[in-house]
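Below: final.cif (mmCIF, C-alpha atoms and all ligand atoms)
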```
data_my_file
#
loop_
_atom_site.label_atom_id
_atom_site.label_comp_id
_atom_site.auth_asym_id
_atom_site.auth_seq_id
_atom_site.Cartn_x
_atom_site.Cartn_y
_atom_site.Cartn_z
CA MET A 16 0.00 0.00 0.00
CA LYS A 17 1.53 3.30 -1.09
CA ASP A 18 1.82 6.34 1.13
CA ILE A 19 -1.33 8.41 1.65
CA SER A 20 0.08 11.33 -0.41
CA THR A 21 0.58 9.14 -3.45
CA ARG A 22 -2.79 7.51 -3.01
CA LEU A 23 -4.50 10.89 -2.80
CA VAL A 24 -2.95 11.88 -6.12
CA ASN A 25 -3.85 8.68 -7.97
CA ALA A 26 -7.00 7.31 -6.36
CA GLY A 27 -9.94 6.68 -8.69
CA LYS A 28 -7.99 7.28 -11.93
CA ALA A 29 -8.75 3.97 -13.58
CA GLU A 30 -12.45 4.32 -12.89
CA ALA A 31 -12.45 7.90 -14.15
CA LEU A 32 -11.04 6.80 -17.50
CA GLN A 33 -13.74 4.23 -18.15
CA ILE A 34 -15.87 5.21 -21.09
CA ILE A 35 -19.56 5.28 -20.26
CA ASN A 36 -21.76 5.21 -23.32
CA THR A 37 -23.89 8.30 -22.67
CA ILE A 38 -25.87 9.88 -25.52
CA ASN A 39 -24.19 13.22 -24.90
CA PRO A 40 -20.42 13.82 -24.82
CA PRO A 41 -18.45 13.74 -21.56
CA LEU A 42 -17.19 16.99 -20.05
CA HIS A 43 -13.44 16.94 -19.63
CA ARG A 44 -11.57 19.46 -17.54
CA ALA A 45 -7.97 19.73 -18.61
CA SER A 46 -4.88 21.72 -19.22
CA THR A 47 -2.61 18.64 -19.31
CA VAL A 48 -3.50 15.67 -21.48
CA ILE A 49 -1.40 12.53 -20.84
CA PHE A 50 0.39 11.12 -23.91
CA ASP A 51 0.29 7.38 -24.56
CA SER A 52 4.01 7.26 -25.31
CA TYR A 53 7.24 9.23 -25.45
CA SER A 54 7.22 9.01 -29.25
CA ASP A 55 3.85 10.83 -29.26
CA MET A 56 5.33 13.59 -27.12
CA LEU A 57 8.28 13.91 -29.49
CA LYS A 58 5.81 14.34 -32.35
CA ALA A 59 3.92 16.98 -30.36
CA ASN A 60 7.19 18.80 -29.71
CA LYS A 61 7.59 19.11 -33.47
CA GLY A 62 3.93 20.08 -34.03
CA GLU A 63 3.27 16.78 -35.79
CA PHE A 64 0.96 15.07 -33.29
CA GLU A 65 -2.50 14.41 -34.69
CA GLY A 66 -4.44 14.05 -31.43
CA ILE A 67 -5.29 16.41 -28.57
CA GLU A 68 -2.07 17.33 -26.80
CA TYR A 69 -3.27 20.11 -24.49
CA GLY A 70 -6.48 21.68 -23.17
CA THR A 71 -6.32 24.58 -25.61
CA CYS A 72 -6.64 22.16 -28.55
CA GLY A 73 -10.31 21.70 -27.63
CA LEU A 74 -11.62 18.82 -25.52
CA SER A 75 -14.36 16.30 -26.24
CA ALA A 76 -17.46 18.51 -26.00
CA GLN A 77 -15.78 21.23 -28.09
CA LYS A 78 -14.69 18.71 -30.73
CA ALA A 79 -18.16 17.18 -30.83
CA PHE A 80 -19.78 20.59 -31.22
CA GLU A 81 -17.32 21.69 -33.91
CA VAL A 82 -17.90 18.53 -35.92
CA ALA A 83 -21.67 18.93 -35.61
CA MET A 84 -21.51 22.53 -36.86
CA LEU A 85 -19.12 21.59 -39.64
CA GLU A 86 -21.46 18.86 -40.88
CA LEU A 87 -24.50 21.11 -40.61
CA GLU A 88 -22.83 23.81 -42.70
CA GLY A 89 -20.96 21.53 -45.08
CA ALA A 90 -17.70 23.23 -44.14
CA HIS A 91 -14.14 21.92 -44.22
CA GLY A 92 -13.10 23.12 -40.75
CA CYS A 93 -14.81 24.64 -37.73
CA ARG A 94 -13.58 26.22 -34.51
CA ALA A 95 -15.59 27.25 -31.45
CA PHE A 96 -14.88 30.45 -29.49
CA GLN A 97 -15.94 31.90 -26.17
CA SER A 98 -18.29 34.38 -27.88
CA GLY A 99 -19.48 35.48 -31.29
CA ILE A 100 -17.36 38.59 -31.21
CA ALA A 101 -14.26 36.55 -30.29
CA ALA A 102 -14.95 34.43 -33.39
CA ILE A 103 -15.31 37.56 -35.53
CA ALA A 104 -12.11 39.11 -34.17
CA MET A 105 -10.13 35.95 -34.95
CA VAL A 106 -11.39 35.94 -38.55
CA LEU A 107 -10.46 39.59 -39.01
CA MET A 108 -6.97 38.94 -37.64
CA ALA A 109 -6.39 35.66 -39.47
CA TYR A 110 -6.76 37.06 -42.98
CA THR A 111 -5.23 40.53 -42.66
CA LYS A 112 -1.84 42.11 -42.18
CA GLN A 113 -0.33 45.59 -42.12
CA GLY A 114 -1.03 47.51 -45.30
CA ASP A 115 -4.18 45.55 -46.23
CA HIS A 116 -7.55 47.02 -47.12
CA ILE A 117 -10.82 45.34 -46.09
CA LEU A 118 -14.46 45.91 -47.02
CA ILE A 119 -17.21 45.68 -44.41
CA CYS A 120 -20.94 46.03 -45.02
CA ASP A 121 -22.21 49.05 -43.15
CA ASN A 122 -24.97 47.15 -41.32
CA VAL A 123 -22.61 44.88 -39.35
CA TYR A 124 -22.90 44.19 -35.64
CA GLY A 125 -21.52 47.23 -33.75
CA PRO A 126 -18.60 45.51 -32.02
CA THR A 127 -17.44 44.08 -35.39
CA ARG A 128 -17.12 47.61 -36.65
CA ARG A 129 -15.35 48.75 -33.48
CA PHE A 130 -12.82 45.95 -33.81
CA CYS A 131 -11.96 47.14 -37.32
CA ASP A 132 -11.90 50.86 -36.53
CA VAL A 133 -9.92 50.55 -33.30
CA PHE A 134 -7.89 47.35 -33.30
CA LEU A 135 -7.17 46.66 -36.97
CA ALA A 136 -6.50 50.36 -37.62
CA LYS A 137 -3.80 50.22 -34.93
CA TYR A 138 -2.04 47.51 -36.94
CA GLY A 139 -2.30 49.37 -40.23
CA VAL A 140 -5.32 47.64 -41.77
CA GLU A 141 -7.66 50.05 -43.53
CA THR A 142 -11.41 49.45 -43.31
CA GLU A 143 -13.86 50.75 -45.88
CA TYR A 144 -17.63 50.42 -45.47
CA LEU A 145 -19.90 49.10 -48.22
CA PRO A 146 -23.58 49.94 -48.67
CA SER A 147 -25.66 47.45 -46.68
CA ASP A 148 -27.47 46.28 -49.83
CA ALA A 149 -24.20 45.63 -51.67
CA GLY A 150 -24.14 43.38 -54.72
CA VAL A 151 -22.39 43.34 -58.09
CA GLY A 152 -21.33 46.95 -57.52
CA ILE A 153 -18.63 45.86 -55.09
CA ALA A 154 -16.19 45.33 -57.97
CA GLY A 155 -15.52 49.06 -57.90
CA TYR A 156 -14.41 48.92 -54.26
CA ILE A 157 -11.85 46.15 -54.62
CA ARG A 158 -8.26 47.39 -54.68
CA GLU A 159 -4.89 45.70 -55.21
CA ASN A 160 -4.51 45.28 -51.44
CA THR A 161 -8.10 44.29 -50.61
CA LYS A 162 -7.90 41.04 -48.65
CA LEU A 163 -11.26 40.46 -47.03
CA LEU A 164 -14.93 41.32 -47.49
CA PHE A 165 -17.33 40.95 -44.57
CA MET A 166 -21.11 40.59 -45.00
CA GLU A 167 -23.92 40.48 -42.48
CA SER A 168 -27.13 39.47 -44.17
CA PRO A 169 -29.71 40.36 -43.12
CA GLY A 170 -28.20 43.07 -40.90
CA SER A 171 -29.40 42.57 -37.37
CA ASN A 172 -31.06 46.01 -36.92
CA THR A 173 -32.41 47.12 -40.28
CA PHE A 174 -32.34 43.77 -42.09
CA GLU A 175 -30.74 44.70 -45.41
CA ILE A 176 -29.86 41.76 -47.64
CA GLN A 177 -26.67 41.51 -49.66
CA ASP A 178 -26.54 39.86 -53.05
CA ILE A 179 -24.26 37.18 -51.69
CA SER A 180 -23.48 35.11 -54.81
CA ALA A 181 -22.73 38.24 -56.84
CA ILE A 182 -20.34 39.39 -54.11
CA THR A 183 -18.60 36.05 -53.63
CA ALA A 184 -18.09 35.63 -57.39
CA GLU A 185 -16.36 39.00 -57.47
CA CYS A 186 -14.28 38.15 -54.39
CA ARG A 187 -13.22 34.82 -55.87
CA ALA A 188 -12.10 36.44 -59.11
CA LYS A 189 -9.96 38.95 -57.22
CA GLY A 190 -8.59 36.66 -54.47
CA VAL A 191 -10.51 38.37 -51.66
CA VAL A 192 -11.63 36.19 -48.73
CA SER A 193 -15.42 36.47 -48.36
CA VAL A 194 -16.89 36.24 -44.87
CA ILE A 195 -20.47 36.24 -43.65
CA ASP A 196 -21.97 36.70 -40.20
CA ASN A 197 -24.84 34.23 -40.62
CA THR A 198 -26.29 34.54 -37.13
CA TRP A 199 -29.79 35.71 -38.13
CA ALA A 200 -30.55 32.83 -40.49
CA THR A 201 -28.51 30.11 -38.76
CA PRO A 202 -27.17 27.32 -41.01
CA LEU A 203 -30.75 26.00 -41.29
CA TYR A 204 -32.14 28.94 -43.23
CA PHE A 205 -29.05 29.93 -45.21
CA ASN A 206 -26.05 27.89 -46.28
CA PRO A 207 -23.11 30.23 -46.95
CA PHE A 208 -20.89 27.63 -48.62
CA LYS A 209 -23.49 26.86 -51.30
CA HIS A 210 -23.22 30.49 -52.34
CA GLY A 211 -19.45 30.69 -52.58
CA VAL A 212 -18.71 32.19 -49.16
CA ASP A 213 -15.27 31.24 -47.77
CA VAL A 214 -15.86 31.83 -44.06
CA SER A 215 -19.09 31.55 -42.08
CA ILE A 216 -19.51 32.98 -38.58
CA GLN A 217 -22.23 32.12 -36.13
CA SER A 218 -22.94 33.77 -32.78
CA CYS A 219 -24.20 30.60 -31.12
CA THR A 220 -25.21 32.83 -28.22
CA LYS A 221 -28.39 33.37 -30.21
CA TYR A 222 -30.47 30.53 -31.69
CA ILE A 223 -27.99 27.69 -31.39
CA THR A 224 -27.92 27.77 -27.58
CA GLY A 225 -31.28 29.52 -27.45
CA HIS A 226 -31.71 30.27 -23.75
CA SER A 227 -29.91 33.61 -23.23
CA ASP A 228 -27.52 32.00 -20.76
CA ILE A 229 -24.46 31.11 -22.88
CA LEU A 230 -21.91 33.09 -24.89
CA LEU A 231 -20.47 31.02 -27.74
CA GLY A 232 -19.32 31.54 -31.33
CA THR A 233 -18.13 29.44 -34.25
CA VAL A 234 -16.13 30.00 -37.40
CA SER A 235 -16.41 27.52 -40.26
CA THR A 236 -14.41 27.75 -43.45
CA ASN A 237 -14.06 26.01 -46.79
CA GLU A 238 -10.95 23.99 -47.57
CA GLN A 239 -9.05 26.82 -49.17
CA SER A 240 -9.43 29.20 -46.23
CA TRP A 241 -8.88 26.71 -43.40
CA ALA A 242 -5.06 26.56 -43.12
CA ALA A 243 -4.60 30.31 -42.54
CA PHE A 244 -7.39 30.37 -40.01
CA LYS A 245 -6.19 27.32 -38.11
CA LYS A 246 -2.71 28.78 -37.91
CA CYS A 247 -3.96 32.04 -36.38
CA CYS A 248 -6.11 30.15 -33.83
CA GLY A 249 -3.05 28.12 -32.89
CA LEU A 250 -1.06 31.26 -32.13
CA PHE A 251 -3.76 32.61 -29.81
CA GLU A 252 -4.52 29.20 -28.29
CA VAL A 253 -8.21 30.04 -28.21
CA TYR A 254 -10.81 27.54 -27.15
CA ALA A 255 -14.38 27.52 -25.87
CA ALA A 256 -15.56 26.39 -22.46
CA GLN A 257 -16.55 22.72 -22.34
CA GLU A 258 -19.88 23.37 -20.63
CA ASP A 259 -20.78 25.99 -23.24
CA CYS A 260 -19.91 23.70 -26.17
CA TYR A 261 -22.00 21.02 -24.50
CA GLN A 262 -24.92 23.45 -24.42
CA GLY A 263 -24.24 24.41 -28.03
CA LEU A 264 -24.47 20.79 -29.08
CA ARG A 265 -27.59 20.28 -27.01
CA GLY A 266 -29.11 23.38 -28.62
CA LEU A 267 -28.57 21.92 -32.09
CA ARG A 268 -30.77 18.94 -31.22
CA THR A 269 -33.83 21.18 -30.88
CA LEU A 270 -32.82 24.03 -33.21
CA LYS A 271 -35.19 23.16 -36.02
CA VAL A 272 -38.34 23.05 -33.91
CA ARG A 273 -37.41 26.13 -31.89
CA LEU A 274 -36.55 28.13 -34.98
CA LYS A 275 -39.83 27.18 -36.66
CA ALA A 276 -41.74 28.39 -33.60
CA HIS A 277 -39.77 31.68 -33.50
CA GLU A 278 -40.36 32.11 -37.23
CA GLU A 279 -44.11 31.59 -37.11
CA SER A 280 -44.66 33.80 -34.08
CA ALA A 281 -42.42 36.59 -35.43
CA LEU A 282 -44.30 36.58 -38.74
CA ALA A 283 -47.64 36.72 -36.93
CA VAL A 284 -46.54 39.67 -34.77
CA ALA A 285 -44.92 41.43 -37.75
CA LYS A 286 -48.09 41.12 -39.86
CA TRP A 287 -50.19 42.40 -36.99
CA LEU A 288 -47.84 45.38 -36.48
CA GLU A 289 -48.04 46.20 -40.21
CA LYS A 290 -51.74 46.90 -39.71
CA HIS A 291 -51.31 48.86 -36.48
CA ASP A 292 -52.34 52.51 -36.91
CA MET A 293 -49.25 53.90 -35.12
CA VAL A 294 -46.69 51.87 -37.06
CA GLU A 295 -44.99 53.32 -40.11
CA SER A 296 -43.00 50.32 -41.30
CA VAL A 297 -42.22 46.81 -40.23
CA ILE A 298 -38.73 45.76 -41.26
CA HIS A 299 -38.84 42.02 -41.80
CA PRO A 300 -37.31 40.45 -44.92
CA ALA A 301 -39.97 37.73 -45.17
CA LEU A 302 -42.71 40.36 -45.59
CA GLU A 303 -43.58 41.45 -49.12
CA SER A 304 -43.25 45.06 -47.98
CA HIS A 305 -39.50 44.60 -47.44
CA PRO A 306 -37.72 46.37 -50.32
CA GLN A 307 -35.45 43.36 -50.86
CA HIS A 308 -38.04 40.63 -50.34
CA GLU A 309 -37.34 39.03 -53.74
CA LEU A 310 -33.62 38.89 -53.05
CA TRP A 311 -34.35 37.43 -49.62
CA LYS A 312 -36.43 34.67 -51.24
CA LYS A 313 -33.58 33.87 -53.60
CA TYR A 314 -31.26 33.00 -50.72
CA TYR A 315 -33.20 32.08 -47.59
CA ASN A 316 -35.24 28.99 -46.69
CA GLY A 317 -36.93 30.68 -43.78
CA SER A 318 -36.87 33.60 -41.40
CA SER A 319 -36.01 33.76 -37.73
CA GLY A 320 -37.58 35.63 -34.84
CA LEU A 321 -35.80 38.99 -35.03
CA PHE A 322 -37.24 42.00 -36.86
CA ALA A 323 -37.86 45.70 -36.30
CA PHE A 324 -40.42 48.44 -36.76
CA THR A 325 -40.65 52.22 -36.83
CA LEU A 326 -43.46 54.50 -35.69
CA LYS A 327 -45.33 57.12 -37.67
CA GLU A 328 -43.93 60.64 -37.79
CA GLU A 329 -46.14 62.00 -34.97
CA TYR A 330 -44.73 59.34 -32.61
CA GLU A 331 -41.11 59.68 -33.73
CA ASN A 332 -39.70 62.53 -31.69
CA ILE A 333 -41.37 61.84 -28.38
CA ASP A 334 -40.32 60.06 -25.21
CA HIS A 335 -40.91 56.36 -25.88
CA SER A 336 -40.43 55.33 -22.24
CA PRO A 337 -44.18 54.94 -21.55
CA PHE A 338 -44.25 52.25 -24.28
CA VAL A 339 -41.03 50.42 -23.58
CA ASP A 340 -41.09 50.64 -19.77
CA ASN A 341 -44.61 49.25 -19.54
CA LEU A 342 -44.13 46.10 -21.56
CA ALA A 343 -44.75 43.11 -19.34
CA LEU A 344 -43.54 40.33 -21.64
CA PHE A 345 -40.74 42.00 -23.61
CA GLY A 346 -37.53 42.33 -21.63
CA LEU A 347 -35.50 45.47 -22.33
CA GLY A 348 -32.11 44.00 -23.15
CA TYR A 349 -29.48 43.19 -25.75
CA SER A 350 -28.96 39.96 -27.62
CA TRP A 351 -31.62 37.69 -29.07
CA GLY A 352 -32.40 34.15 -30.20
CA GLY A 353 -33.62 33.05 -26.78
CA TYR A 354 -36.99 31.77 -25.58
CA LYS A 355 -37.94 35.09 -23.98
CA SER A 356 -39.14 38.03 -26.03
CA LEU A 357 -36.94 41.11 -25.91
CA ILE A 358 -36.99 44.66 -27.22
CA THR A 359 -34.26 47.17 -28.03
CA GLY A 360 -34.74 50.71 -29.27
CA GLY A 361 -32.86 53.80 -30.36
CA LYS A 362 -32.06 56.04 -33.29
CA PHE A 363 -30.31 54.26 -36.16
CA ARG A 364 -26.93 55.84 -36.84
CA ARG A 365 -25.64 53.91 -39.89
CA THR A 366 -26.25 54.61 -43.54
CA ASN A 367 -29.32 52.87 -44.91
CA PRO A 368 -30.55 52.63 -48.49
CA PHE A 369 -34.20 52.53 -47.41
CA GLY A 370 -34.49 55.73 -45.40
CA TYR A 371 -34.02 54.50 -41.83
CA GLU A 372 -31.10 56.80 -41.05
CA GLY A 373 -31.87 58.84 -37.94
CA LYS A 374 -35.13 56.93 -37.34
CA THR A 375 -35.99 55.28 -34.06
CA ILE A 376 -35.83 51.55 -34.65
CA PHE A 377 -37.58 49.21 -32.23
CA ARG A 378 -36.19 45.73 -32.61
CA LEU A 379 -38.10 42.71 -31.35
CA ASN A 380 -36.79 39.28 -30.49
CA ILE A 381 -39.90 37.15 -30.59
CA GLY A 382 -39.60 34.37 -28.06
CA LEU A 383 -41.72 31.32 -27.41
CA GLU A 384 -44.62 32.98 -25.58
CA ASP A 385 -48.15 32.89 -26.97
CA VAL A 386 -48.56 35.21 -29.97
CA GLU A 387 -51.85 36.72 -28.77
CA ASP A 388 -50.26 37.57 -25.42
CA LEU A 389 -47.32 39.25 -27.19
CA LYS A 390 -49.62 41.29 -29.44
CA ALA A 391 -51.73 42.37 -26.46
CA ASP A 392 -48.61 43.44 -24.58
CA LEU A 393 -47.36 45.55 -27.51
CA ALA A 394 -50.83 47.00 -28.05
CA GLN A 395 -51.22 48.20 -24.47
CA GLY A 396 -47.68 49.60 -24.51
CA LEU A 397 -48.14 51.54 -27.76
CA GLU A 398 -51.47 52.90 -26.52
CA ARG A 399 -49.55 54.73 -23.76
CA LEU A 400 -47.83 56.91 -26.37
CA LYS A 401 -51.18 58.44 -27.32
CA VAL A 402 -51.95 61.49 -25.24
C1 LIG A 501 -24.78 38.99 -30.99
C2 LIG A 501 -24.15 39.05 -32.30
C3 LIG A 501 -22.78 38.82 -32.43
C4 LIG A 501 -21.86 38.62 -31.25
O1 LIG A 501 -22.13 37.51 -30.53
P1 LIG A 501 -21.72 37.38 -28.99
O2 LIG A 501 -21.74 35.91 -28.79
O3 LIG A 501 -22.77 38.11 -28.20
O4 LIG A 501 -20.35 37.97 -28.83
C5 LIG A 501 -22.27 38.84 -33.69
N1 LIG A 501 -23.03 39.07 -34.77
C6 LIG A 501 -24.34 39.29 -34.67
C7 LIG A 501 -25.13 39.53 -35.90
C8 LIG A 501 -24.95 39.31 -33.43
O5 LIG A 501 -26.24 39.55 -33.33
#
```

Whole structure given in structure tokens:
Amino acid sequence: MKDISTRLVNAGKAEALQIINTINPPLHRASTVIFDSYSDMLKANKGEFEGIEYGTCGLSAQKAFEVAMLELEGAHGCRAFQSGIAAIAMVLMAYTKQGDHILICDNVYGPTRRFCDVFLAKYGVETEYLPSDAGVGIAGYIRENTKLLFMESPGSNTFEIQDISAITAECRAKGVVSVIDNTWATPLYFNPFKHGVDVSIQSCTKYITGHSDILLGTVSTNEQSWAAFKKCCGLFEVYAAQEDCYQGLRGLRTLKVRLKAHEESALAVAKWLEKHDMVESVIHPALESHPQHELWKKYYNGSSGLFAFTLKEEYENIDHSPFVDNLALFGLGYSWGGYKSLITGGKFRRTNPFGYEGKTIFRLNIGLEDVEDLKADLAQGLERLKV
């Protein structure tokens, strides 16, 4: 019998390593991973080991989640990150260097823009913004040193669509890496790789995990763009928390049914708002009133639960607090894709081809509550703006 100190260090190891055939992946906790042999370690020393050599390589739940996302999107490689914005930042760093020029659609997620304007600018990468409804016209923006083009379609505040195939064809011809933030549609309602996109980003914080309690992001790429991305990830030794990847994987199991429910309820609320006497416009790409509805139909198999609306002129420049503060079912908070309905509001400060510049945009995340209850809540809230 060994000394108590040695026993404390080794007790229970053999049992812990037994594989139990659960449906869901095990959760490992590790920095160190034990090699089977010295020859494996020598390979790892030279960067030639194929397996998992350290915690930052991604443990079982992360690997399982990455493979699931990769298969869903039909990608070549996938990597999970601790948030959507971390995933975006890694993409922007992986494909750029000092002296490069990049093109970003003007409707992108705010922090994406900040990363370009503050961080990339510091390292000598120049960012130029494209109209949010960009299409074939992008040819005129591509320069000798243009390396990357970043789309977000539909944009997550004013829902402009980009003509994705037209853009990726142009990018391909000029050797520009094309990237899309596909969070709104999820891989179920839009497949970036079928339309020539090189790199697809998903904030899994939204629909994939679906419960407003996890921050998680993924980057998937085609074969051609994978090596450069993988190399950059390796330098940063990024990874995603095991528990969060586990939740990401679990979220995928129910994604289709949840998304369908969000879609149907959001469309019902949007159509009701379109008829409301105080509403000027409902901004939802699946509505015929959306100026790019035909383009949306060309690319998307469905719509999710996030859309926006504006109020008529007489309700524009007033205090909207009586409306927003009195909603009982809509939480006033950022993010979306979860089971609870949420609202955000504020004046839109980007350029917009459809006249929303300077307009107050109320954005709704339609959750899984009853549609009639949601309508009634909005109705009583809006009524409070009438004096
Ligand atoms: C929320 C969001 C992100 C960032 O995701 P986080 O996981 O919250 O960092 C990126 N893109 C879009 C379109 C988003 O809505």

Given only C-alpha atoms and all ligand atoms, how would the per-residue table for chain A near ligand LIG 501 (chain A) read, listing every residue at most 7 Å away with its closest atom pair and distance in Å to one decimal, sorted by chain and number, as a Markdown table?
```
| residue | atom | partner | partner_atom | distance |
| --- | --- | --- | --- | --- |
| A:Ser98 | CA | A:LIG501 | O2 | 3.9 |
| A:Gly99 | CA | A:LIG501 | O2 | 3.4 |
| A:Ile100 | CA | A:LIG501 | O4 | 3.9 |
| A:Ala101 | CA | A:LIG501 | O4 | 6.4 |
| A:Val123 | CA | A:LIG501 | C7 | 6.8 |
| A:Tyr124 | CA | A:LIG501 | C7 | 5.2 |
| A:Glu167 | CA | A:LIG501 | C7 | 6.8 |
| A:Gly170 | CA | A:LIG501 | C7 | 6.9 |
| A:Ser171 | CA | A:LIG501 | C7 | 5.4 |
| A:Asp196 | CA | A:LIG501 | N1 | 6.0 |
| A:Thr198 | CA | A:LIG501 | C7 | 5.3 |
| A:Trp199 | CA | A:LIG501 | C7 | 6.4 |
| A:Ser218 | CA | A:LIG501 | O1 | 4.4 |
| A:Cys219 | CA | A:LIG501 | O2 | 6.3 |
| A:Thr220 | CA | A:LIG501 | O2 | 4.7 |
| A:Lys221 | CA | A:LIG501 | C1 | 6.7 |
| A:Leu230 | CA | A:LIG501 | O2 | 4.8 |
| A:Leu231 | CA | A:LIG501 | O2 | 5.2 |
| A:Gly232 | CA | A:LIG501 | O2 | 5.6 |
| A:Ser350 | CA | A:LIG501 | C1 | 5.5 |
```

Export of the given selection (C-alpha atoms) as a JSON list (two decimals), keeping the file's coordinate frame:
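Once everything was written out, this is part.json:
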```json
[["chain", "number", "residue", "atom", "x", "y", "z"],
["A", 98, "SER", "CA", -18.29, 34.38, -27.88],
["A", 99, "GLY", "CA", -19.48, 35.48, -31.29],
["A", 100, "ILE", "CA", -17.36, 38.59, -31.21],
["A", 101, "ALA", "CA", -14.26, 36.55, -30.29],
["A", 123, "VAL", "CA", -22.61, 44.88, -39.35],
["A", 124, "TYR", "CA", -22.90, 44.19, -35.64],
["A", 167, "GLU", "CA", -23.92, 40.48, -42.48],
["A", 170, "GLY", "CA", -28.20, 43.07, -40.90],
["A", 171, "SER", "CA", -29.40, 42.57, -37.37],
["A", 196, "ASP", "CA", -21.97, 36.70, -40.20],
["A", 198, "THR", "CA", -26.29, 34.54, -37.13],
["A", 199, "TRP", "CA", -29.79, 35.71, -38.13],
["A", 218, "SER", "CA", -22.94, 33.77, -32.78],
["A", 219, "CYS", "CA", -24.20, 30.60, -31.12],
["A", 220, "THR", "CA", -25.21, 32.83, -28.22],
["A", 221, "LYS", "CA", -28.39, 33.37, -30.21],
["A", 230, "LEU", "CA", -21.91, 33.09, -24.89],
["A", 231, "LEU", "CA", -20.47, 31.02, -27.74],
["A", 232, "GLY", "CA", -19.32, 31.54, -31.33],
["A", 350, "SER", "CA", -28.96, 39.96, -27.62]]
```

*Kindly extract all protein, DNA and RNA residues lying within 10 Å of the coordinates (-14.2, 19.9, -44.2) given in the file, considering all atoms listed in the file, and supply them as a PyMOL selection string.*
chain A and resi 82+85-86+88-93+235-239+241

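Of the residues listed (A:Thr111, A:Asn122, A:Thr173, A:Ser336), A:Thr111 shows the shortest atom-to-atom separation from A:Phe244; distances use only C-alpha atoms.
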
*Place a sphere of radius 10 Å on (-25.4, 38.1, -50.0) in the file coordinates and name every protein, DNA or RNA residue with an atom inside or on its surface, counting all atoms listed in the file; give the answer as an MDAnalysis selection string.*
chainID A and resid 147:150 166:169 175:183 195 207 210:212 310:311 313:314

Next, dump the selected residues to file, keeping only C-alpha atoms, as a PDB file, keeping the file's coordinate frame.
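That gives us part23.pdb:
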```
ATOM      1  CA  SER A 147     -25.660  47.450 -46.680  1.00  0.00           C
ATOM      2  CA  ASP A 148     -27.470  46.280 -49.830  1.00  0.00           C
ATOM      3  CA  ALA A 149     -24.200  45.630 -51.670  1.00  0.00           C
ATOM      4  CA  GLY A 150     -24.140  43.380 -54.720  1.00  0.00           C
ATOM      5  CA  MET A 166     -21.110  40.590 -45.000  1.00  0.00           C
ATOM      6  CA  GLU A 167     -23.920  40.480 -42.480  1.00  0.00           C
ATOM      7  CA  SER A 168     -27.130  39.470 -44.170  1.00  0.00           C
ATOM      8  CA  PRO A 169     -29.710  40.360 -43.120  1.00  0.00           C
ATOM      9  CA  GLU A 175     -30.740  44.700 -45.410  1.00  0.00           C
ATOM     10  CA  ILE A 176     -29.860  41.760 -47.640  1.00  0.00           C
ATOM     11  CA  GLN A 177     -26.670  41.510 -49.660  1.00  0.00           C
ATOM     12  CA  ASP A 178     -26.540  39.860 -53.050  1.00  0.00           C
ATOM     13  CA  ILE A 179     -24.260  37.180 -51.690  1.00  0.00           C
ATOM     14  CA  SER A 180     -23.480  35.110 -54.810  1.00  0.00           C
ATOM     15  CA  ALA A 181     -22.730  38.240 -56.840  1.00  0.00           C
ATOM     16  CA  ILE A 182     -20.340  39.390 -54.110  1.00  0.00           C
ATOM     17  CA  THR A 183     -18.600  36.050 -53.630  1.00  0.00           C
ATOM     18  CA  ILE A 195     -20.470  36.240 -43.650  1.00  0.00           C
ATOM     19  CA  PRO A 207     -23.110  30.230 -46.950  1.00  0.00           C
ATOM     20  CA  HIS A 210     -23.220  30.490 -52.340  1.00  0.00           C
ATOM     21  CA  GLY A 211     -19.450  30.690 -52.580  1.00  0.00           C
ATOM     22  CA  VAL A 212     -18.710  32.190 -49.160  1.00  0.00           C
ATOM     23  CA  LEU A 310     -33.620  38.890 -53.050  1.00  0.00           C
ATOM     24  CA  TRP A 311     -34.350  37.430 -49.620  1.00  0.00           C
ATOM     25  CA  LYS A 313     -33.580  33.870 -53.600  1.00  0.00           C
ATOM     26  CA  TYR A 314     -31.260  33.000 -50.720  1.00  0.00           C
TER      27      TYR A 314
END
```

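Comparing A:Val106, A:Ala29, A:Leu250, A:Leu321 by their smallest distance to A:Val214, the closest is A:Val106 (using all atoms listed in the file).
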
_Need to verify the contact set: A:Pro337, 9 Å, all atoms listed in the file, exclusion of same-chain residues closer than 4 positions in sequence. Can you return it as a PyMOL selection string?_
chain A and resi 341-342+396-397+399-400

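Between A:Ile103 and the residues A:Asn60, A:Ser20, A:Thr233, A:Asn206, the shortest atom-to-atom distance, using only C-alpha atoms, involves A:Thr233.
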
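Rounded to one decimal, atom CA of A:Gly317 and atom CA of A:Phe377 lie 21.8 Å from each other.
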
Sorted per-residue table, stretch 86-164 of chain A near stretch 259-282 of chain A, closest atoms and distance, 10 Å, all atoms listed in the file, as a Markdown table:
```
| residue | atom | partner | partner_atom | distance |
| --- | --- | --- | --- | --- |
| A:Leu87 | CA | A:Leu267 | CA | 9.5 |
| A:Ala95 | CA | A:Cys260 | CA | 7.7 |
| A:Phe96 | CA | A:Cys260 | CA | 9.0 |
| A:Gln97 | CA | A:Asp259 | CA | 8.2 |
| A:Ser98 | CA | A:Asp259 | CA | 9.9 |
```

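For the residues A:Gln113, A:Ala102, A:Ser54, A:Tyr156, ranking by smallest atom-to-atom distance to A:Gln217 using all atoms listed in the file places A:Ala102 first.
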
Report, as lines of an AutoDock Vina configuration file, the centre and edge lengths in Å (one decimal) of the axis-aligned box enclosing every listed atom of stretch 375-382 of chain A, padded by 5 Å on each side.
```
center_x = -37.9
center_y = 44.8
center_z = -31.4
size_x = 14.1
size_y = 30.9
size_z = 16.6
```
